[in-house]
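Student: Quick one, input_37.pdb (PDB, C-alpha atoms and all ligand atoms):
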```
ATOM      1  CA  MET A   1     -14.042  -3.318  28.515  1.00  0.00           C
ATOM      2  CA  THR A   2     -14.218  -1.965  24.985  1.00  0.00           C
ATOM      3  CA  PHE A   3     -14.150  -4.116  21.877  1.00  0.00           C
ATOM      4  CA  ASN A   4     -12.886  -2.825  18.586  1.00  0.00           C
ATOM      5  CA  THR A   5     -13.790  -4.098  15.137  1.00  0.00           C
ATOM      6  CA  SER A   6     -11.441  -6.757  13.804  1.00  0.00           C
ATOM      7  CA  PRO A   7      -9.104  -5.541  11.067  1.00  0.00           C
ATOM      8  CA  ALA A   8      -8.971  -7.058   7.589  1.00  0.00           C
ATOM      9  CA  LEU A   9      -5.689  -8.946   7.180  1.00  0.00           C
ATOM     10  CA  LYS A  10      -4.900  -9.282   3.478  1.00  0.00           C
ATOM     11  CA  VAL A  11      -2.241 -11.759   2.449  1.00  0.00           C
ATOM     12  CA  GLN A  12      -1.116 -12.750  -1.010  1.00  0.00           C
ATOM     13  CA  PHE A  13       0.194 -16.276  -0.484  1.00  0.00           C
ATOM     14  CA  VAL A  14       2.653 -17.684  -2.966  1.00  0.00           C
ATOM     15  CA  SER A  15       3.118 -21.447  -3.152  1.00  0.00           C
ATOM     16  CA  TRP A  16       6.656 -21.831  -4.503  1.00  0.00           C
ATOM     17  CA  HIS A  17       7.469 -24.850  -6.685  1.00  0.00           C
ATOM     18  CA  TYR A  18      11.089 -25.769  -7.337  1.00  0.00           C
ATOM     19  CA  ARG A  19      13.037 -28.542  -8.997  1.00  0.00           C
ATOM     20  CA  LEU A  20      15.763 -30.608  -7.301  1.00  0.00           C
ATOM     21  CA  ASN A  21      17.038 -34.124  -7.977  1.00  0.00           C
ATOM     22  CA  ASN A  22      14.862 -34.474 -11.103  1.00  0.00           C
ATOM     23  CA  GLN A  23      11.704 -33.883  -9.128  1.00  0.00           C
ATOM     24  CA  TRP A  24       9.286 -30.999  -8.472  1.00  0.00           C
ATOM     25  CA  TRP A  25       8.704 -29.972  -4.848  1.00  0.00           C
ATOM     26  CA  ALA A  26       5.756 -27.906  -3.638  1.00  0.00           C
ATOM     27  CA  PRO A  27       3.754 -27.129  -0.482  1.00  0.00           C
ATOM     28  CA  ARG A  28       0.772 -29.446   0.111  1.00  0.00           C
ATOM     29  CA  PHE A  29      -2.487 -27.670  -0.659  1.00  0.00           C
ATOM     30  CA  ILE A  30      -4.585 -28.799   2.325  1.00  0.00           C
ATOM     31  CA  THR A  31      -1.947 -29.720   4.911  1.00  0.00           C
ATOM     32  CA  ASP A  32       0.306 -26.707   4.422  1.00  0.00           C
ATOM     33  CA  ILE A  33      -1.668 -23.920   2.775  1.00  0.00           C
ATOM     34  CA  ILE A  34      -5.247 -24.351   4.035  1.00  0.00           C
ATOM     35  CA  GLN A  35      -3.998 -25.216   7.536  1.00  0.00           C
ATOM     36  CA  THR A  36      -2.090 -21.932   7.510  1.00  0.00           C
ATOM     37  CA  TYR A  37      -5.295 -19.987   6.791  1.00  0.00           C
ATOM     38  CA  SER A  38      -6.934 -21.838   9.674  1.00  0.00           C
ATOM     39  CA  TRP A  39      -4.034 -21.149  12.077  1.00  0.00           C
ATOM     40  CA  LEU A  40      -4.053 -17.433  11.280  1.00  0.00           C
ATOM     41  CA  ILE A  41      -7.729 -16.915  12.110  1.00  0.00           C
ATOM     42  CA  ARG A  42      -7.358 -18.986  15.295  1.00  0.00           C
ATOM     43  CA  ALA A  43      -4.094 -17.513  16.612  1.00  0.00           C
ATOM     44  CA  TYR A  44      -4.374 -13.858  15.594  1.00  0.00           C
ATOM     45  CA  PRO A  45      -6.688 -11.256  17.196  1.00  0.00           C
ATOM     46  CA  LEU A  46      -8.717 -11.371  14.012  1.00  0.00           C
ATOM     47  CA  ALA A  47     -12.328 -12.212  13.121  1.00  0.00           C
ATOM     48  CA  SER A  48     -12.542 -15.992  12.618  1.00  0.00           C
ATOM     49  CA  LYS A  49     -13.594 -15.652   9.041  1.00  0.00           C
ATOM     50  CA  ILE A  50     -11.810 -16.403   5.778  1.00  0.00           C
ATOM     51  CA  ILE A  51     -13.017 -14.205   2.949  1.00  0.00           C
ATOM     52  CA  PHE A  52     -12.169 -15.295  -0.592  1.00  0.00           C
ATOM     53  CA  ASP A  53     -12.617 -11.982  -2.364  1.00  0.00           C
ATOM     54  CA  GLY A  54      -9.172 -11.646  -3.932  1.00  0.00           C
ATOM     55  CA  ALA A  55      -8.247  -9.370  -1.018  1.00  0.00           C
ATOM     56  CA  THR A  56     -10.339  -6.558  -2.465  1.00  0.00           C
ATOM     57  CA  GLY A  57     -12.833  -6.051   0.390  1.00  0.00           C
ATOM     58  CA  ASN A  58     -12.387  -4.797   3.922  1.00  0.00           C
ATOM     59  CA  GLN A  59     -14.647  -7.031   5.995  1.00  0.00           C
ATOM     60  CA  PRO A  60     -13.138  -8.177   9.305  1.00  0.00           C
ATOM     61  CA  GLY A  61     -11.098 -11.364   8.957  1.00  0.00           C
ATOM     62  CA  LEU A  62      -8.446 -12.991   6.798  1.00  0.00           C
ATOM     63  CA  HIS A  63      -8.483 -12.210   3.086  1.00  0.00           C
ATOM     64  CA  PRO A  64      -6.137 -14.716   1.470  1.00  0.00           C
ATOM     65  CA  SER A  65      -5.309 -14.961  -2.178  1.00  0.00           C
ATOM     66  CA  LEU A  66      -3.023 -17.612  -3.597  1.00  0.00           C
ATOM     67  CA  TRP A  67      -0.631 -17.872  -6.497  1.00  0.00           C
ATOM     68  CA  PHE A  68       1.298 -20.958  -7.545  1.00  0.00           C
ATOM     69  CA  VAL A  69       4.707 -20.055  -8.905  1.00  0.00           C
ATOM     70  CA  THR A  70       7.125 -22.447 -10.569  1.00  0.00           C
ATOM     71  CA  ASP A  71      10.701 -21.193 -10.520  1.00  0.00           C
ATOM     72  CA  ASP A  72      13.603 -22.909 -12.277  1.00  0.00           C
ATOM     73  CA  ALA A  73      16.220 -20.961 -10.297  1.00  0.00           C
ATOM     74  CA  LEU A  74      14.831 -21.684  -6.828  1.00  0.00           C
ATOM     75  CA  GLY A  75      16.113 -25.275  -6.455  1.00  0.00           C
ATOM     76  CA  ALA A  76      19.732 -24.076  -6.423  1.00  0.00           C
ATOM     77  CA  MET A  77      18.824 -21.573  -3.690  1.00  0.00           C
ATOM     78  CA  VAL A  78      17.137 -24.243  -1.579  1.00  0.00           C
ATOM     79  CA  ASP A  79      20.149 -26.590  -1.770  1.00  0.00           C
ATOM     80  CA  ARG A  80      22.449 -23.532  -1.431  1.00  0.00           C
ATOM     81  CA  SER A  81      24.544 -24.467  -4.474  1.00  0.00           C
ATOM     82  CA  SER A  82      23.797 -21.223  -6.343  1.00  0.00           C
ATOM     83  CA  ALA A  83      26.558 -18.622  -6.577  1.00  0.00           C
ATOM     84  CA  GLU A  84      23.924 -16.152  -5.352  1.00  0.00           C
ATOM     85  CA  CYS A  85      24.117 -17.800  -1.922  1.00  0.00           C
ATOM     86  CA  GLU A  86      27.875 -17.338  -1.437  1.00  0.00           C
ATOM     87  CA  ASP A  87      27.670 -13.941   0.280  1.00  0.00           C
ATOM     88  CA  LEU A  88      25.703 -15.633   3.084  1.00  0.00           C
ATOM     89  CA  LEU A  89      28.742 -17.697   4.048  1.00  0.00           C
ATOM     90  CA  VAL A  90      30.519 -15.087   6.134  1.00  0.00           C
ATOM     91  CA  THR A  91      33.895 -15.125   7.839  1.00  0.00           C
ATOM     92  CA  LYS A  92      33.634 -13.438  11.210  1.00  0.00           C
ATOM     93  CA  ALA A  93      36.295 -11.194  12.757  1.00  0.00           C
ATOM     94  CA  ASP A  94      37.681 -14.092  14.798  1.00  0.00           C
ATOM     95  CA  GLY A  95      38.227 -16.087  11.593  1.00  0.00           C
ATOM     96  CA  THR A  96      35.422 -18.574  12.114  1.00  0.00           C
ATOM     97  CA  GLU A  97      32.756 -19.090   9.480  1.00  0.00           C
ATOM     98  CA  GLN A  98      29.073 -18.378   9.909  1.00  0.00           C
ATOM     99  CA  ASP A  99      26.891 -20.198   7.399  1.00  0.00           C
ATOM    100  CA  ASN A 100      23.665 -18.274   6.763  1.00  0.00           C
ATOM    101  CA  ARG A 101      22.977 -19.912   3.416  1.00  0.00           C
ATOM    102  CA  SER A 102      19.762 -21.503   4.682  1.00  0.00           C
ATOM    103  CA  LEU A 103      18.365 -17.963   4.222  1.00  0.00           C
ATOM    104  CA  CYS A 104      19.273 -17.926   0.519  1.00  0.00           C
ATOM    105  CA  ALA A 105      15.947 -19.272  -0.775  1.00  0.00           C
ATOM    106  CA  SER A 106      13.741 -16.996   1.328  1.00  0.00           C
ATOM    107  CA  ARG A 107      15.789 -13.922   0.402  1.00  0.00           C
ATOM    108  CA  TYR A 108      15.371 -14.850  -3.262  1.00  0.00           C
ATOM    109  CA  THR A 109      11.613 -15.462  -3.065  1.00  0.00           C
ATOM    110  CA  ASN A 110      11.112 -12.275  -1.032  1.00  0.00           C
ATOM    111  CA  ASN A 111      12.838 -10.272  -3.758  1.00  0.00           C
ATOM    112  CA  GLN A 112      10.839 -12.089  -6.448  1.00  0.00           C
ATOM    113  CA  MET A 113       7.608 -11.293  -4.633  1.00  0.00           C
ATOM    114  CA  GLY A 114       8.635  -7.640  -4.404  1.00  0.00           C
ATOM    115  CA  THR A 115       8.933  -7.657  -8.193  1.00  0.00           C
ATOM    116  CA  MET A 116       5.569  -9.437  -8.521  1.00  0.00           C
ATOM    117  CA  ARG A 117       3.979  -6.758  -6.358  1.00  0.00           C
ATOM    118  CA  THR A 118       5.242  -4.048  -8.692  1.00  0.00           C
ATOM    119  CA  GLU A 119       4.363  -5.920 -11.886  1.00  0.00           C
ATOM    120  CA  ASN A 120       0.844  -6.735 -10.729  1.00  0.00           C
ATOM    121  CA  GLY A 121       0.102  -3.466  -8.931  1.00  0.00           C
ATOM    122  CA  VAL A 122      -0.542  -5.187  -5.593  1.00  0.00           C
ATOM    123  CA  PRO A 123      -0.767  -2.498  -2.871  1.00  0.00           C
ATOM    124  CA  GLU A 124       1.576  -2.730   0.142  1.00  0.00           C
ATOM    125  CA  SER A 125      -1.488  -3.083   2.379  1.00  0.00           C
ATOM    126  CA  ARG A 126      -1.666  -6.661   1.093  1.00  0.00           C
ATOM    127  CA  PHE A 127       1.220  -8.645   2.556  1.00  0.00           C
ATOM    128  CA  PHE A 128       3.045 -11.273   0.537  1.00  0.00           C
ATOM    129  CA  TYR A 129       3.870 -14.598   2.174  1.00  0.00           C
ATOM    130  CA  GLY A 130       5.830 -17.248   0.311  1.00  0.00           C
ATOM    131  CA  MET A 131       5.863 -20.925   1.296  1.00  0.00           C
ATOM    132  CA  ILE A 132       8.745 -23.280   0.440  1.00  0.00           C
ATOM    133  CA  THR A 133       8.642 -26.961   1.319  1.00  0.00           C
ATOM    134  CA  ASP A 134      11.544 -28.652   3.103  1.00  0.00           C
ATOM    135  CA  ALA A 135      10.553 -32.011   1.558  1.00  0.00           C
ATOM    136  CA  ALA A 136      13.614 -32.084  -0.727  1.00  0.00           C
ATOM    137  CA  GLY A 137      15.818 -32.444   2.370  1.00  0.00           C
ATOM    138  CA  PHE A 138      16.955 -28.855   2.891  1.00  0.00           C
ATOM    139  CA  PHE A 139      15.523 -26.419   5.456  1.00  0.00           C
ATOM    140  CA  PRO A 140      14.775 -23.094   3.755  1.00  0.00           C
ATOM    141  CA  ARG A 141      14.834 -20.885   6.836  1.00  0.00           C
ATOM    142  CA  GLY A 142      12.236 -18.121   6.835  1.00  0.00           C
ATOM    143  CA  GLN A 143      12.586 -14.380   7.135  1.00  0.00           C
ATOM    144  CA  ALA A 144      10.743 -11.106   6.737  1.00  0.00           C
ATOM    145  CA  CYS A 145      13.260  -9.099   4.774  1.00  0.00           C
ATOM    146  CA  CYS A 146      14.414  -7.333   1.682  1.00  0.00           C
ATOM    147  CA  GLN A 147      11.070  -5.967   0.412  1.00  0.00           C
ATOM    148  CA  PRO A 148       8.240  -4.039   2.119  1.00  0.00           C
ATOM    149  CA  ASN A 149       5.593  -6.262   3.742  1.00  0.00           C
ATOM    150  CA  VAL A 150       7.017  -9.449   2.276  1.00  0.00           C
ATOM    151  CA  SER A 151       8.107 -12.625   4.037  1.00  0.00           C
ATOM    152  CA  THR A 152       8.764 -16.281   3.295  1.00  0.00           C
ATOM    153  CA  GLY A 153       8.846 -19.375   5.449  1.00  0.00           C
ATOM    154  CA  PRO A 154       9.411 -23.097   5.191  1.00  0.00           C
ATOM    155  CA  THR A 155       6.833 -25.803   5.516  1.00  0.00           C
ATOM    156  CA  GLY A 156       6.904 -29.542   6.099  1.00  0.00           C
ATOM    157  CA  SER A 157       5.771 -32.300   8.405  1.00  0.00           C
ATOM    158  CA  ASN A 158       8.329 -31.919  11.242  1.00  0.00           C
ATOM    159  CA  THR A 159       6.556 -31.720  14.609  1.00  0.00           C
ATOM    160  CA  TRP A 160       9.328 -29.658  16.316  1.00  0.00           C
ATOM    161  CA  GLY A 161       8.442 -31.762  19.329  1.00  0.00           C
ATOM    162  CA  TRP A 162       4.923 -30.411  19.816  1.00  0.00           C
ATOM    163  CA  ASP A 163       3.022 -29.747  16.598  1.00  0.00           C
ATOM    164  CA  THR A 164       1.203 -32.912  15.591  1.00  0.00           C
ATOM    165  CA  ASP A 165      -1.169 -31.584  12.923  1.00  0.00           C
ATOM    166  CA  GLY A 166       1.074 -32.660  10.048  1.00  0.00           C
ATOM    167  CA  SER A 167       2.498 -29.267   9.095  1.00  0.00           C
ATOM    168  CA  TYR A 168       4.618 -26.617  10.776  1.00  0.00           C
ATOM    169  CA  GLY A 169       4.036 -24.200   7.895  1.00  0.00           C
ATOM    170  CA  ASP A 170       0.998 -22.807   9.725  1.00  0.00           C
ATOM    171  CA  TRP A 171       2.645 -21.414  12.858  1.00  0.00           C
ATOM    172  CA  TYR A 172       5.787 -20.502  10.925  1.00  0.00           C
ATOM    173  CA  ALA A 173       3.652 -18.341   8.625  1.00  0.00           C
ATOM    174  CA  ALA A 174       1.996 -16.683  11.633  1.00  0.00           C
ATOM    175  CA  HIS A 175       5.487 -15.997  13.048  1.00  0.00           C
ATOM    176  CA  GLU A 176       6.805 -14.344   9.875  1.00  0.00           C
ATOM    177  CA  ILE A 177       3.607 -12.398   9.150  1.00  0.00           C
ATOM    178  CA  GLY A 178       3.829 -11.279  12.791  1.00  0.00           C
ATOM    179  CA  HIS A 179       7.229  -9.763  11.982  1.00  0.00           C
ATOM    180  CA  THR A 180       5.689  -8.015   8.970  1.00  0.00           C
ATOM    181  CA  LEU A 181       3.079  -6.618  11.372  1.00  0.00           C
ATOM    182  CA  GLY A 182       5.933  -5.145  13.410  1.00  0.00           C
ATOM    183  CA  ARG A 183       6.106  -7.762  16.144  1.00  0.00           C
ATOM    184  CA  GLY A 184       9.472  -8.870  17.448  1.00  0.00           C
ATOM    185  CA  HIS A 185      10.528 -11.947  19.343  1.00  0.00           C
ATOM    186  CA  PRO A 186       9.497 -12.100  22.980  1.00  0.00           C
ATOM    187  CA  ASP A 187      12.181 -11.164  25.442  1.00  0.00           C
ATOM    188  CA  LEU A 188      12.223 -11.092  29.220  1.00  0.00           C
ATOM    189  CA  GLN A 189      11.333  -7.415  29.521  1.00  0.00           C
ATOM    190  CA  VAL A 190       8.407  -7.655  27.117  1.00  0.00           C
ATOM    191  CA  ALA A 191       7.219 -10.894  28.724  1.00  0.00           C
ATOM    192  CA  ASN A 192       7.180  -9.184  32.124  1.00  0.00           C
ATOM    193  CA  GLU A 193       5.280  -6.189  30.767  1.00  0.00           C
ATOM    194  CA  VAL A 194       2.705  -8.472  29.196  1.00  0.00           C
ATOM    195  CA  ALA A 195       2.356 -10.441  32.410  1.00  0.00           C
ATOM    196  CA  GLU A 196       1.892  -7.233  34.401  1.00  0.00           C
ATOM    197  CA  ASN A 197      -0.671  -5.685  32.121  1.00  0.00           C
ATOM    198  CA  ARG A 198      -2.072  -8.325  29.888  1.00  0.00           C
ATOM    199  CA  CYS A 199      -5.396  -6.594  29.296  1.00  0.00           C
ATOM    200  CA  ALA A 200      -3.756  -3.369  28.158  1.00  0.00           C
ATOM    201  CA  ASP A 201      -1.534  -5.355  25.837  1.00  0.00           C
ATOM    202  CA  LEU A 202      -4.485  -7.190  24.341  1.00  0.00           C
ATOM    203  CA  ARG A 203      -6.396  -3.952  23.882  1.00  0.00           C
ATOM    204  CA  ARG A 204      -3.463  -2.485  21.982  1.00  0.00           C
ATOM    205  CA  ALA A 205      -3.207  -5.592  19.829  1.00  0.00           C
ATOM    206  CA  LEU A 206      -6.896  -5.374  18.953  1.00  0.00           C
ATOM    207  CA  GLN A 207      -6.944  -1.721  17.935  1.00  0.00           C
ATOM    208  CA  PRO A 208      -7.288  -1.409  14.152  1.00  0.00           C
ATOM    209  CA  GLN A 209      -5.566   1.973  14.022  1.00  0.00           C
ATOM    210  CA  ARG A 210      -2.520   0.518  15.769  1.00  0.00           C
ATOM    211  CA  ARG A 211      -2.359  -2.214  13.164  1.00  0.00           C
ATOM    212  CA  ARG A 212      -2.325   0.347  10.416  1.00  0.00           C
ATOM    213  CA  GLU A 213       0.768   1.950  11.926  1.00  0.00           C
ATOM    214  CA  LEU A 214       2.669  -1.287  12.004  1.00  0.00           C
ATOM    215  CA  PRO A 215       3.895  -1.697   8.410  1.00  0.00           C
ATOM    216  CA  ALA A 216       6.140   1.378   8.694  1.00  0.00           C
ATOM    217  CA  ARG A 217       7.837  -0.207  11.683  1.00  0.00           C
ATOM    218  CA  ALA A 218       8.147  -3.435   9.729  1.00  0.00           C
ATOM    219  CA  VAL A 219      10.131  -1.537   7.104  1.00  0.00           C
ATOM    220  CA  GLU A 220      12.353  -0.145   9.846  1.00  0.00           C
ATOM    221  CA  ARG A 221      12.872  -3.679  11.106  1.00  0.00           C
ATOM    222  CA  GLU A 222      14.256  -4.747   7.737  1.00  0.00           C
ATOM    223  CA  ARG A 223      17.054  -2.235   8.093  1.00  0.00           C
ATOM    224  CA  HIS A 224      18.118  -4.121  11.195  1.00  0.00           C
ATOM    225  CA  GLN A 225      18.331  -7.269   9.083  1.00  0.00           C
ATOM    226  CA  HIS A 226      16.178  -9.360  11.307  1.00  0.00           C
ATOM    227  CA  ASN A 227      16.321 -12.753   9.729  1.00  0.00           C
ATOM    228  CA  ASP A 228      14.301 -15.525  11.158  1.00  0.00           C
TER     229      ASP A 228
HETATM  230 ZN    ZN B 301      11.466 -14.406  13.956  1.00  0.00          ZN
END
```
Give the structure from this file in structure tokens form.

Tutor:
Amino acid sequence: MTFNTSPALKVQFVSWHYRLNNQWWAPRFITDIIQTYSWLIRAYPLASKIIFDGATGNQPGLHPSLWFVTDDALGAMVDRSSAECEDLLVTKADGTEQDNRSLCASRYTNNQMGTMRTENGVPESRFFYGMITDAAGFFPRGQACCQPNVSTGPTGSNTWGWDTDGSYGDWYAAHEIGHTLGRGHPDLQVANEVAENRCADLRRALQPQRRRELPARAVERERHQHND
């Protein structure tokens, strides 16, 4: 059995603040954001260490940095009233409607974070992850799309029937950042392969050089418009 050094996972978190119904809505600092850091080091094959160095170093572990962004346009994306959301209400060939407007807010914040990356010179080796609260009564469905190594997900206190720690933003973030790392959803074939050769699979997951290859595949994934 060979062990490889843990990679450095660098994530620029963005806590999105929006206005709806004459009120500001934002992720909770401890329950949503800090619990997400904790989930990532516990669930990922990553050194169980959080390094607050502004994502400049390369020590094994999670290197989070955090921006708080207030956006006057975001509320209308979250409640789907913005004209920018209309293209997500699609009429299918059989004439029925498919309403994808819950993806409007995350598409918007992903594009905004792509612009922030350029404006601030943040390298693509540092992922962006945006968090949007569902506390205003609308579910802003998450996705890894539209910009390289950028994703957004919702957060809130729903248990989804199993998660009793007060926030689902933690595992949702791990899910979306997993897509950015090139991981897809499990399917029967993959599940069988993992069951047959779990050690080999874990070894692959732990190899730092394999991780470095993943962002290119994440870009490829975007072309397939994966969206949850
Ligand atoms: Zn997904």

Student: Counting only C-alpha atoms, which residues come within 12 Å of (6.4, -11.8, -0.9), with the point read in the file's coordinates, and could you list them as a ChimeraX atom specification?

Tutor: /A:11-16,66-67,69,106-118,122-124,126-132,142-153,173,176-177,180

Student: Output C-alpha atoms for every residue in the selection just made, as an mmCIF file, in the coordinates of the input.

Tutor:
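Below is the file that was written, again.cif:
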```
data_model
loop_
_atom_site.group_PDB
_atom_site.id
_atom_site.type_symbol
_atom_site.label_atom_id
_atom_site.label_comp_id
_atom_site.auth_asym_id
_atom_site.auth_seq_id
_atom_site.Cartn_x
_atom_site.Cartn_y
_atom_site.Cartn_z
ATOM 1 C CA VAL A 11 -2.241 -11.759 2.449
ATOM 2 C CA GLN A 12 -1.116 -12.750 -1.010
ATOM 3 C CA PHE A 13 0.194 -16.276 -0.484
ATOM 4 C CA VAL A 14 2.653 -17.684 -2.966
ATOM 5 C CA SER A 15 3.118 -21.447 -3.152
ATOM 6 C CA TRP A 16 6.656 -21.831 -4.503
ATOM 7 C CA LEU A 66 -3.023 -17.612 -3.597
ATOM 8 C CA TRP A 67 -0.631 -17.872 -6.497
ATOM 9 C CA VAL A 69 4.707 -20.055 -8.905
ATOM 10 C CA SER A 106 13.741 -16.996 1.328
ATOM 11 C CA ARG A 107 15.789 -13.922 0.402
ATOM 12 C CA TYR A 108 15.371 -14.850 -3.262
ATOM 13 C CA THR A 109 11.613 -15.462 -3.065
ATOM 14 C CA ASN A 110 11.112 -12.275 -1.032
ATOM 15 C CA ASN A 111 12.838 -10.272 -3.758
ATOM 16 C CA GLN A 112 10.839 -12.089 -6.448
ATOM 17 C CA MET A 113 7.608 -11.293 -4.633
ATOM 18 C CA GLY A 114 8.635 -7.640 -4.404
ATOM 19 C CA THR A 115 8.933 -7.657 -8.193
ATOM 20 C CA MET A 116 5.569 -9.437 -8.521
ATOM 21 C CA ARG A 117 3.979 -6.758 -6.358
ATOM 22 C CA THR A 118 5.242 -4.048 -8.692
ATOM 23 C CA VAL A 122 -0.542 -5.187 -5.593
ATOM 24 C CA PRO A 123 -0.767 -2.498 -2.871
ATOM 25 C CA GLU A 124 1.576 -2.730 0.142
ATOM 26 C CA ARG A 126 -1.666 -6.661 1.093
ATOM 27 C CA PHE A 127 1.220 -8.645 2.556
ATOM 28 C CA PHE A 128 3.045 -11.273 0.537
ATOM 29 C CA TYR A 129 3.870 -14.598 2.174
ATOM 30 C CA GLY A 130 5.830 -17.248 0.311
ATOM 31 C CA MET A 131 5.863 -20.925 1.296
ATOM 32 C CA ILE A 132 8.745 -23.280 0.440
ATOM 33 C CA GLY A 142 12.236 -18.121 6.835
ATOM 34 C CA GLN A 143 12.586 -14.380 7.135
ATOM 35 C CA ALA A 144 10.743 -11.106 6.737
ATOM 36 C CA CYS A 145 13.260 -9.099 4.774
ATOM 37 C CA CYS A 146 14.414 -7.333 1.682
ATOM 38 C CA GLN A 147 11.070 -5.967 0.412
ATOM 39 C CA PRO A 148 8.240 -4.039 2.119
ATOM 40 C CA ASN A 149 5.593 -6.262 3.742
ATOM 41 C CA VAL A 150 7.017 -9.449 2.276
ATOM 42 C CA SER A 151 8.107 -12.625 4.037
ATOM 43 C CA THR A 152 8.764 -16.281 3.295
ATOM 44 C CA GLY A 153 8.846 -19.375 5.449
ATOM 45 C CA ALA A 173 3.652 -18.341 8.625
ATOM 46 C CA GLU A 176 6.805 -14.344 9.875
ATOM 47 C CA ILE A 177 3.607 -12.398 9.150
ATOM 48 C CA THR A 180 5.689 -8.015 8.970
#
```

Student: Determine the residue membership of the PyMOL selection byres (((chain A and resi 17) around 12) and not hetatm) for the file above and supply it as a VMD selection string.

Tutor: chain A and resid 14 to 16 18 to 20 23 to 29 67 to 75 78 105 109 130 to 136

Student: Would you mind telling me which residue in A:Pro186, A:His175, A:Ala93, A:Arg141 lies nearest to ligand ZN 301 (chain B) when using only C-alpha atoms and all ligand atoms?

Tutor: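 Counting only C-alpha atoms and all ligand atoms, the residue closest to ligand ZN 301 (chain B) is A:His175.
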
Student: Between atom CA of A:Cys104 and atom CA of A:Lys10, what is the spacing in Å?

Tutor: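 It comes out at 25.8 Å.
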
Student: Evaluate the PyMOL selection byres (((chain A and resi 47) around 7) and not hetatm) on the structure here and hand back the selected residues as a PyMOL selection string.

Tutor: chain A and resi 6+41+46+48-49+60-61

Student: For A:Glu86, please output as a ChimeraX atom specification all residues within 12 Å (counting all atoms listed in the file; exclusion window: fewer than 3 positions along the same chain).

Tutor: /A:76-77,80-83,89-91,98-104

Student: Taking into account all atoms listed in the file, which residue in the set A:Glu97, A:Asp170, A:Asp187, A:Asp53 is nearest to A:Thr155?

Tutor: A:Asp170
